[in-house]
file model.cif (mmCIF, C-alpha atoms)
data_start
#
loop_
_atom_site.label_atom_id
_atom_site.label_comp_id
_atom_site.auth_asym_id
_atom_site.auth_seq_id
_atom_site.Cartn_x
_atom_site.Cartn_y
_atom_site.Cartn_z
CA MET A 1 72.72 -12.40 8.44
CA SER A 2 75.60 -12.60 5.98
CA ALA A 3 75.01 -12.82 2.24
CA PRO A 4 75.68 -16.16 0.52
CA VAL A 5 79.09 -16.55 -1.10
CA ALA A 6 78.97 -16.96 -4.87
CA ALA A 7 80.63 -20.04 -6.35
CA ASN A 8 83.24 -17.93 -8.14
CA ALA A 9 84.16 -16.25 -4.85
CA SER A 10 85.55 -19.48 -3.39
CA LEU A 11 88.98 -19.40 -1.74
CA THR A 12 89.82 -22.67 -3.49
CA PRO A 13 90.72 -22.44 -7.21
CA LEU A 14 88.69 -24.49 -9.62
CA PRO A 15 90.23 -26.51 -12.47
CA GLY A 16 90.34 -24.72 -15.80
CA HIS A 17 89.65 -21.30 -14.30
CA LEU A 18 91.65 -18.11 -14.87
CA TYR A 19 91.84 -15.79 -11.87
CA VAL A 20 92.62 -12.13 -12.57
CA VAL A 21 94.19 -11.18 -9.25
CA ALA A 22 94.84 -7.63 -8.06
CA THR A 23 97.98 -7.24 -5.95
CA PRO A 24 99.15 -4.36 -3.71
CA ILE A 25 100.42 -1.15 -5.33
CA GLY A 26 102.62 -0.40 -2.34
CA ASN A 27 101.15 -1.56 0.94
CA MET A 28 101.19 -5.35 1.39
CA ALA A 29 98.35 -5.12 3.91
CA ASP A 30 96.05 -4.29 0.98
CA LEU A 31 96.23 -7.84 -0.38
CA THR A 32 92.81 -9.43 0.13
CA GLU A 33 92.26 -12.69 1.96
CA ARG A 34 90.82 -14.17 -1.21
CA ALA A 35 93.78 -13.13 -3.35
CA LEU A 36 96.18 -14.60 -0.78
CA ALA A 37 94.34 -17.91 -0.71
CA LEU A 38 94.19 -18.24 -4.48
CA LEU A 39 97.82 -17.23 -5.06
CA GLY A 40 98.83 -19.93 -2.62
CA SER A 41 96.88 -22.71 -4.29
CA VAL A 42 96.56 -22.20 -8.06
CA ASP A 43 98.62 -24.45 -10.33
CA LEU A 44 100.38 -21.55 -12.07
CA VAL A 45 100.90 -17.83 -11.53
CA ALA A 46 101.37 -15.87 -14.76
CA CYS A 47 103.20 -12.69 -13.92
CA GLU A 48 104.71 -9.61 -15.51
CA ASP A 49 108.09 -10.09 -13.81
CA THR A 50 108.92 -13.40 -12.13
CA ARG A 51 111.43 -11.68 -9.83
CA THR A 52 108.92 -9.13 -8.57
CA THR A 53 106.12 -11.64 -8.07
CA GLY A 54 108.51 -14.25 -6.71
CA SER A 55 109.70 -11.77 -4.09
CA MET A 56 106.11 -10.93 -3.12
CA LEU A 57 105.17 -14.60 -2.78
CA THR A 58 108.26 -15.26 -0.69
CA ARG A 59 107.28 -12.44 1.69
CA LEU A 60 103.87 -14.09 1.99
CA GLY A 61 105.40 -17.50 2.66
CA LEU A 62 104.11 -18.93 -0.63
CA ARG A 63 105.80 -21.02 -3.30
CA ARG A 64 104.13 -21.39 -6.70
CA GLU A 65 105.23 -22.15 -10.23
CA LEU A 66 105.69 -18.86 -12.06
CA VAL A 67 105.31 -18.22 -15.78
CA ALA A 68 106.47 -14.99 -17.44
CA TYR A 69 103.61 -13.09 -19.06
CA HIS A 70 104.57 -9.56 -20.12
CA ASP A 71 104.36 -7.00 -22.92
CA HIS A 72 106.99 -8.74 -25.05
CA ASN A 73 105.48 -12.25 -25.03
CA GLU A 74 101.84 -11.58 -24.20
CA THR A 75 100.27 -12.70 -27.48
CA GLU A 76 102.13 -16.02 -27.64
CA ALA A 77 101.95 -16.69 -23.90
CA ALA A 78 98.21 -16.04 -23.81
CA GLU A 79 97.53 -18.95 -26.14
CA ARG A 80 99.89 -21.27 -24.23
CA LEU A 81 98.23 -20.40 -20.96
CA ALA A 82 94.78 -20.90 -22.49
CA ASP A 83 95.93 -24.39 -23.54
CA GLU A 84 96.95 -25.07 -19.93
CA LEU A 85 93.55 -23.89 -18.72
CA ALA A 86 91.76 -26.05 -21.28
CA ALA A 87 93.77 -29.01 -19.95
CA GLY A 88 92.36 -28.36 -16.48
CA LYS A 89 94.98 -26.25 -14.72
CA SER A 90 94.03 -23.26 -12.57
CA ILE A 91 95.98 -20.07 -13.27
CA ALA A 92 96.25 -16.69 -11.57
CA VAL A 93 97.40 -13.75 -13.67
CA VAL A 94 99.00 -10.82 -11.83
CA SER A 95 100.86 -7.67 -12.78
CA ASP A 96 103.80 -6.18 -10.89
CA ALA A 97 101.30 -4.12 -8.89
CA GLY A 98 97.61 -3.35 -9.04
CA THR A 99 94.94 -4.84 -11.27
CA PRO A 100 96.01 -6.79 -14.37
CA ALA A 101 94.80 -5.68 -17.82
CA LEU A 102 94.60 -1.99 -16.81
CA SER A 103 97.67 -0.59 -18.60
CA ASP A 104 99.35 -3.86 -17.62
CA PRO A 105 99.41 -7.30 -19.29
CA GLY A 106 96.24 -9.32 -18.88
CA PHE A 107 93.87 -8.35 -21.68
CA ARG A 108 95.07 -10.97 -24.16
CA ILE A 109 94.85 -13.97 -21.84
CA VAL A 110 91.35 -12.89 -20.82
CA ARG A 111 90.36 -12.50 -24.48
CA ALA A 112 91.83 -15.92 -25.30
CA CYS A 113 89.76 -17.44 -22.51
CA ARG A 114 86.57 -15.71 -23.62
CA ARG A 115 87.12 -16.94 -27.17
CA ARG A 116 87.36 -20.51 -25.88
CA ALA A 117 84.55 -20.14 -23.34
CA LEU A 118 86.97 -20.76 -20.47
CA PRO A 119 85.92 -19.31 -17.10
CA VAL A 120 87.50 -16.00 -16.04
CA VAL A 121 87.13 -14.93 -12.41
CA PRO A 122 88.04 -11.38 -11.26
CA VAL A 123 89.64 -11.10 -7.83
CA PRO A 124 89.36 -7.34 -7.17
CA GLY A 125 91.67 -5.29 -5.06
CA PRO A 126 94.16 -2.42 -5.36
CA CYS A 127 94.17 -0.19 -8.43
CA ALA A 128 96.19 3.02 -8.68
CA ILE A 129 93.66 4.88 -10.77
CA THR A 130 90.70 4.37 -8.42
CA THR A 131 92.94 4.98 -5.40
CA ALA A 132 93.85 8.40 -6.76
CA LEU A 133 90.33 9.28 -7.86
CA CYS A 134 88.71 8.57 -4.51
CA ALA A 135 91.07 10.89 -2.60
CA ALA A 136 91.79 13.71 -5.07
CA GLY A 137 88.62 15.75 -4.75
CA LEU A 138 88.10 16.02 -8.51
CA PRO A 139 84.77 15.00 -10.10
CA THR A 140 84.15 11.25 -10.09
CA ASN A 141 80.68 11.11 -11.64
CA GLY A 142 82.52 9.97 -14.76
CA PHE A 143 86.12 9.67 -15.92
CA PHE A 144 88.12 8.65 -18.97
CA PHE A 145 91.10 6.43 -18.22
CA ALA A 146 93.75 6.69 -20.94
CA GLY A 147 96.56 4.70 -19.32
CA PHE A 148 100.07 5.78 -20.32
CA LEU A 149 100.22 8.36 -23.10
CA PRO A 150 102.84 7.99 -25.88
CA PRO A 151 106.40 9.08 -25.00
CA LYS A 152 106.54 11.79 -27.67
CA SER A 153 105.61 15.29 -26.53
CA ALA A 154 103.62 16.00 -29.70
CA ALA A 155 101.39 12.99 -29.08
CA ARG A 156 100.68 14.04 -25.50
CA ILE A 157 99.84 17.58 -26.60
CA ASN A 158 97.54 16.20 -29.31
CA PHE A 159 95.73 14.17 -26.65
CA LEU A 160 95.28 17.17 -24.37
CA THR A 161 94.03 19.29 -27.26
CA LYS A 162 91.58 16.61 -28.37
CA TYR A 163 90.09 16.22 -24.90
CA GLN A 164 90.41 19.75 -23.58
CA ASP A 165 86.61 20.17 -23.51
CA PHE A 166 85.81 16.66 -22.28
CA ASP A 167 82.92 16.64 -19.81
CA TYR A 168 84.52 14.27 -17.31
CA THR A 169 87.80 13.86 -15.46
CA LEU A 170 90.77 12.62 -17.49
CA ALA A 171 92.82 9.96 -15.71
CA LEU A 172 96.30 8.89 -16.80
CA TYR A 173 99.47 7.20 -15.68
CA GLU A 174 102.89 8.78 -16.17
CA SER A 175 106.46 7.73 -15.41
CA CYS A 176 109.09 9.61 -13.41
CA HIS A 177 110.99 10.25 -16.65
CA ARG A 178 108.25 12.37 -18.24
CA ILE A 179 106.07 13.69 -15.41
CA ASP A 180 107.79 17.11 -15.30
CA LYS A 181 107.40 17.60 -19.05
CA PHE A 182 103.79 16.44 -18.96
CA ALA A 183 102.94 18.82 -16.12
CA ARG A 184 104.29 21.74 -18.15
CA GLU A 185 102.41 20.56 -21.24
CA ILE A 186 99.16 20.63 -19.25
CA VAL A 187 99.82 24.25 -18.26
CA ASP A 188 100.74 25.27 -21.81
CA THR A 189 97.89 23.37 -23.53
CA LEU A 190 94.97 23.59 -21.08
CA GLY A 191 95.94 26.79 -19.31
CA PRO A 192 97.43 27.58 -15.89
CA ASP A 193 94.05 27.59 -14.11
CA ARG A 194 92.92 24.07 -15.07
CA VAL A 195 92.38 22.01 -11.91
CA VAL A 196 94.56 18.91 -11.73
CA CYS A 197 95.81 16.32 -9.31
CA ILE A 198 99.18 14.59 -9.53
CA ALA A 199 99.62 11.72 -7.09
CA LYS A 200 102.68 9.56 -6.49
CA GLU A 201 103.79 6.66 -4.29
CA LEU A 202 100.16 5.75 -3.57
CA THR A 203 99.68 3.64 -0.40
CA LYS A 204 103.43 3.92 0.33
CA LEU A 205 105.29 5.78 3.07
CA HIS A 206 105.82 8.90 0.94
CA GLU A 207 102.36 9.01 -0.65
CA THR A 208 101.78 12.52 -2.00
CA PHE A 209 98.82 14.33 -3.58
CA TRP A 210 99.30 17.67 -5.29
CA VAL A 211 95.88 19.20 -6.01
CA GLY A 212 95.30 22.68 -7.37
CA THR A 213 95.60 24.66 -10.56
CA ALA A 214 97.91 23.28 -13.23
CA SER A 215 100.34 26.14 -12.58
CA GLU A 216 100.40 25.56 -8.82
CA VAL A 217 100.85 21.80 -9.15
CA ASN A 218 103.58 22.23 -11.74
CA ASP A 219 105.51 24.54 -9.40
CA ARG A 220 105.16 22.17 -6.45
CA LEU A 221 106.20 19.19 -8.53
CA ALA A 222 109.30 21.01 -9.74
CA GLN A 223 110.51 21.30 -6.14
CA ALA A 224 109.85 17.67 -5.19
CA SER A 225 111.39 14.28 -5.79
CA ARG A 226 110.09 12.68 -8.95
CA LYS A 227 110.89 9.12 -7.99
CA GLY A 228 108.16 6.55 -8.61
CA GLU A 229 105.16 6.30 -10.90
CA PHE A 230 102.46 8.94 -11.07
CA VAL A 231 98.72 9.20 -11.54
CA VAL A 232 97.53 12.37 -13.26
CA LEU A 233 93.92 13.56 -13.02
CA ILE A 234 92.63 16.52 -15.04
CA ALA A 235 89.27 18.01 -14.11
CA PRO A 236 86.76 19.30 -16.67
CA ALA A 237 87.38 22.89 -17.76
CA SER A 238 84.34 24.17 -15.82
CA PHE A 239 85.43 22.68 -12.49
CA THR A 240 86.80 24.81 -9.65
CA LEU A 241 88.03 23.77 -6.23
#
call {"tool": "encode", "arguments": {"input": "model.cif", "output": "structure tokens"}}
result
Amino acid sequence: MSAPVAANASLTPLPGHLYVVATPIGNMADLTERALALLGSVDLVACEDTRTTGSMLTRLGLRRELVAYHDHNETEAAERLADELAAGKSIAVVSDAGTPALSDPGFRIVRACRRRALPVVPVPGPCAITTALCAAGLPTNGFFFAGFLPPKSAARINFLTKYQDFDYTLALYESCHRIDKFAREIVDTLGPDRVVCIAKELTKLHETFWVGTASEVNDRLAQASRKGEFVVLIAPASFTL
């Protein structure tokens, strides 16, 4: 006997509700049925890049009104969107890929809704950080997600030094422009034997996991293409493979 479906799990958007919708990080087949239904029927889709989201919706055969909601206009746009919600419109917020508000725009519109007691409904799905954690083989009894570290090398080294004795796995995002430098900083700061995982192109054709000591992973990364975005996992100092 199937469990009853909660009211907020409906495939039909409700007036005045914000839907925080996770979208695929690489494989379109990962979009949930619920996300597809809601994206095709909300009044507005607030998105990080209208071109990226517009292309995704076109591939899905959907046409929706899109509103730009990104790092550079997030504070102002959040209040405008909250006004639209208060007026009775239904809105889905999405990022370019993955789950909004996790190192992507989304936090401020959710906060604006909570301040006004407007309903916020999560529509879970793909997330790069949990995708990497579940397949890396590093401890998952607890982890600290730090998003993207600052671009300056000194700031990244300060972070590694501060958390070098942390009891749980450290989880971060890194860009293709800095991943090689960051990998070397891990070796130099935490030592060559620290167990790490660097994953790239998750759920895509060239998905890759490098798992091993920091020294081993750094060497393997140096010989590989560094195209794409990366997830970096750093195990506690006591952990061994």
call {"tool": "closest_atom_pairs", "arguments": {"input": "model.cif", "of": "stretch 79-192 of chain A", "to": "stretch 35-44 of chain A", "cutoff": "12 Å", "atoms": "all atoms listed in the file", "output": "JSON lines"}}
result
{"residue": "A:Leu81", "atom": "CA", "partner": "A:Leu44", "partner_atom": "CA", "distance": 9.2}
{"residue": "A:Ala82", "atom": "CA", "partner": "A:Leu44", "partner_atom": "CA", "distance": 11.8}
{"residue": "A:Glu84", "atom": "CA", "partner": "A:Leu44", "partner_atom": "CA", "distance": 9.3}
{"residue": "A:Leu85", "atom": "CA", "partner": "A:Leu44", "partner_atom": "CA", "distance": 9.8}
{"residue": "A:Ala87", "atom": "CA", "partner": "A:Asp43", "partner_atom": "CA", "distance": 11.7}
{"residue": "A:Gly88", "atom": "CA", "partner": "A:Asp43", "partner_atom": "CA", "distance": 9.6}
{"residue": "A:Lys89", "atom": "CA", "partner": "A:Asp43", "partner_atom": "CA", "distance": 6.0}
{"residue": "A:Ser90", "atom": "CA", "partner": "A:Asp43", "partner_atom": "CA", "distance": 5.2}
{"residue": "A:Ile91", "atom": "CA", "partner": "A:Leu44", "partner_atom": "CA", "distance": 4.8}
{"residue": "A:Ala92", "atom": "CA", "partner": "A:Leu44", "partner_atom": "CA", "distance": 6.4}
{"residue": "A:Val93", "atom": "CA", "partner": "A:Leu44", "partner_atom": "CA", "distance": 8.5}
{"residue": "A:Val94", "atom": "CA", "partner": "A:Leu39", "partner_atom": "CA", "distance": 9.4}
{"residue": "A:Gly98", "atom": "CA", "partner": "A:Ala35", "partner_atom": "CA", "distance": 11.9}
{"residue": "A:Thr99", "atom": "CA", "partner": "A:Ala35", "partner_atom": "CA", "distance": 11.5}
{"residue": "A:Val121", "atom": "CA", "partner": "A:Leu38", "partner_atom": "CA", "distance": 11.1}
{"residue": "A:Pro122", "atom": "CA", "partner": "A:Ala35", "partner_atom": "CA", "distance": 9.9}
{"residue": "A:Val123", "atom": "CA", "partner": "A:Ala35", "partner_atom": "CA", "distance": 6.4}
{"residue": "A:Pro124", "atom": "CA", "partner": "A:Ala35", "partner_atom": "CA", "distance": 8.2}
{"residue": "A:Gly125", "atom": "CA", "partner": "A:Ala35", "partner_atom": "CA", "distance": 8.3}
{"residue": "A:Pro126", "atom": "CA", "partner": "A:Ala35", "partner_atom": "CA", "distance": 10.9}
call {"tool": "atom_distance", "arguments": {"input": "model.cif", "atom1": "atom CA of A:Ile186", "atom2": "atom CA of A:Pro105"}}
result
27.9 Å
call {"tool": "residues_around", "arguments": {"input": "model.cif", "residues": "A:Asp104", "least_positions_apart": "3", "cutoff": "7 Å", "atoms": "all atoms listed in the file", "output": "PyMOL selection string"}}
result
chain A and resi 95+100-101
call {"tool": "atom_distance", "arguments": {"input": "model.cif", "atom1": "atom CA of A:Tyr69", "atom2": "atom CA of A:Cys47"}}
result
5.2 Å
call {"tool": "resolve_selection", "arguments": {"input": "model.cif", "expression": "the PyMOL selection byres ((chain A and resi 168) around 6)", "output": "PyMOL selection string"}}
result
chain A and resi 142-143+166-167+169+236
call {"tool": "write_last_selection", "arguments": {"input": "model.cif", "atoms": "C-alpha atoms", "output": "PDB file, in the frame of the given file"}}
result
ATOM      1  CA  GLY A 142      82.520   9.970 -14.760  1.00  0.00           C
ATOM      2  CA  PHE A 143      86.120   9.670 -15.920  1.00  0.00           C
ATOM      3  CA  PHE A 166      85.810  16.660 -22.280  1.00  0.00           C
ATOM      4  CA  ASP A 167      82.920  16.640 -19.810  1.00  0.00           C
ATOM      5  CA  THR A 169      87.800  13.860 -15.460  1.00  0.00           C
ATOM      6  CA  PRO A 236      86.760  19.300 -16.670  1.00  0.00           C
TER       7      PRO A 236
END
call {"tool": "resolve_selection", "arguments": {"input": "model.cif", "expression": "the PyMOL selection byres ((chain A and resi 127) around 12)", "output": "NGL selection string"}}
result
:A and (21-27 or 30-31 or 95-104 or 123-126 or 128-134 or 173 or 202-203 or 231)
call {"tool": "resolve_selection", "arguments": {"input": "model.cif", "expression": "the PyMOL selection byres ((chain A and resi 117) around 12)", "output": "PyMOL selection string"}}
result
chain A and resi 16-18+82+85-86+110-116+118-120
call {"tool": "atom_distance", "arguments": {"input": "model.cif", "atom1": "atom CA of A:Lys152", "atom2": "atom CA of A:Glu48"}}
result
24.7 Å
call {"tool": "residues_around", "arguments": {"input": "model.cif", "residues": "A:Asp193", "least_positions_apart": "3", "cutoff": "7 Å", "atoms": "only C-alpha atoms", "output": "mmCIF file with C-alpha atoms, in the coordinates of the input"}}
result
data_model
loop_
_atom_site.group_PDB
_atom_site.id
_atom_site.type_symbol
_atom_site.label_atom_id
_atom_site.label_comp_id
_atom_site.auth_asym_id
_atom_site.auth_seq_id
_atom_site.Cartn_x
_atom_site.Cartn_y
_atom_site.Cartn_z
ATOM 1 C CA THR A 213 95.600 24.660 -10.560
ATOM 2 C CA ALA A 214 97.910 23.280 -13.230
ATOM 3 C CA SER A 215 100.340 26.140 -12.580
#
call {"tool": "closest_residue", "arguments": {"input": "model.cif", "among": "A:Ser225, A:Thr53, A:Thr189, A:Asn218", "to": "A:Cys176", "atoms": "only C-alpha atoms"}}
result
A:Ser225
call {"tool": "closest_atom_pairs", "arguments": {"input": "model.cif", "of": "stretch 142-187 of chain A", "to": "stretch 194-199 of chain A", "cutoff": "10 Å", "atoms": "only C-alpha atoms", "output": "tab-separated table"}}
result
residue	atom	partner	partner_atom	distance
A:Gln164	CA	A:Arg194	CA	9.9
A:Thr169	CA	A:Val196	CA	9.2
A:Leu170	CA	A:Val196	CA	9.3
A:Ala171	CA	A:Cys197	CA	9.5
A:Leu172	CA	A:Ile198	CA	9.7
A:Tyr173	CA	A:Ile198	CA	9.6
A:Glu174	CA	A:Ile198	CA	9.6
A:Ile179	CA	A:Ile198	CA	9.1
A:Ala183	CA	A:Ile198	CA	8.7
A:Ile186	CA	A:Arg194	CA	8.3
A:Val187	CA	A:Arg194	CA	7.6
call {"tool": "closest_residue", "arguments": {"input": "model.cif", "among": "A:Ala29, A:Gly191, A:Ala46, A:Leu14", "to": "A:Arg59", "atoms": "only C-alpha atoms"}}
result
A:Ala29
call {"tool": "axis_aligned_box", "arguments": {"input": "model.cif", "around": "stretch 92-106 of chain A", "padding_each_side": "5 Å", "output": "JSON"}}
result
{"center_x": 99.2, "center_y": -8.6, "center_z": -14.1, "size_x": 19.2, "size_y": 26.1, "size_z": 20.4}
call {"tool": "build_atoms", "arguments": {"input": "model.cif", "residues": "stretch 226-238 of chain A", "atoms": "N, CA and C atoms", "output": "PDB file, keeping the file's coordinate frame"}}
result
ATOM      1  N   ARG A 226     110.940  13.264  -7.924  1.00  0.00           N
ATOM      2  CA  ARG A 226     110.090  12.680  -8.950  1.00  0.00           C
ATOM      3  C   ARG A 226     110.340  11.180  -9.095  1.00  0.00           C
ATOM      4  N   LYS A 227     110.695  10.560  -8.006  1.00  0.00           N
ATOM      5  CA  LYS A 227     110.890   9.120  -7.990  1.00  0.00           C
ATOM      6  C   LYS A 227     109.546   8.415  -7.905  1.00  0.00           C
ATOM      7  N   GLY A 228     109.381   7.339  -8.663  1.00  0.00           N
ATOM      8  CA  GLY A 228     108.160   6.550  -8.610  1.00  0.00           C
ATOM      9  C   GLY A 228     107.290   6.762  -9.828  1.00  0.00           C
ATOM     10  N   GLU A 229     106.122   6.128  -9.827  1.00  0.00           N
ATOM     11  CA  GLU A 229     105.160   6.300 -10.900  1.00  0.00           C
ATOM     12  C   GLU A 229     104.037   7.212 -10.429  1.00  0.00           C
ATOM     13  N   PHE A 230     103.408   7.870 -11.387  1.00  0.00           N
ATOM     14  CA  PHE A 230     102.460   8.940 -11.070  1.00  0.00           C
ATOM     15  C   PHE A 230     101.089   8.666 -11.690  1.00  0.00           C
ATOM     16  N   VAL A 231     100.066   9.134 -10.984  1.00  0.00           N
ATOM     17  CA  VAL A 231      98.720   9.200 -11.540  1.00  0.00           C
ATOM     18  C   VAL A 231      98.403  10.678 -11.746  1.00  0.00           C
ATOM     19  N   VAL A 232      97.886  10.993 -12.930  1.00  0.00           N
ATOM     20  CA  VAL A 232      97.530  12.370 -13.260  1.00  0.00           C
ATOM     21  C   VAL A 232      96.027  12.434 -13.516  1.00  0.00           C
ATOM     22  N   LEU A 233      95.357  13.329 -12.827  1.00  0.00           N
ATOM     23  CA  LEU A 233      93.920  13.560 -13.020  1.00  0.00           C
ATOM     24  C   LEU A 233      93.718  15.001 -13.466  1.00  0.00           C
ATOM     25  N   ILE A 234      92.904  15.185 -14.499  1.00  0.00           N
ATOM     26  CA  ILE A 234      92.630  16.520 -15.040  1.00  0.00           C
ATOM     27  C   ILE A 234      91.120  16.739 -15.003  1.00  0.00           C
ATOM     28  N   ALA A 235      90.692  17.737 -14.252  1.00  0.00           N
ATOM     29  CA  ALA A 235      89.270  18.010 -14.110  1.00  0.00           C
ATOM     30  C   ALA A 235      88.697  18.655 -15.369  1.00  0.00           C
ATOM     31  N   PRO A 236      87.391  18.583 -15.569  1.00  0.00           N
ATOM     32  CA  PRO A 236      86.760  19.300 -16.670  1.00  0.00           C
ATOM     33  C   PRO A 236      87.044  20.793 -16.577  1.00  0.00           C
ATOM     34  N   ALA A 237      87.007  21.471 -17.706  1.00  0.00           N
ATOM     35  CA  ALA A 237      87.380  22.890 -17.760  1.00  0.00           C
ATOM     36  C   ALA A 237      86.519  23.748 -16.845  1.00  0.00           C
ATOM     37  N   SER A 238      85.274  23.358 -16.634  1.00  0.00           N
ATOM     38  CA  SER A 238      84.340  24.170 -15.820  1.00  0.00           C
ATOM     39  C   SER A 238      84.516  23.988 -14.321  1.00  0.00           C
TER      40      SER A 238
END
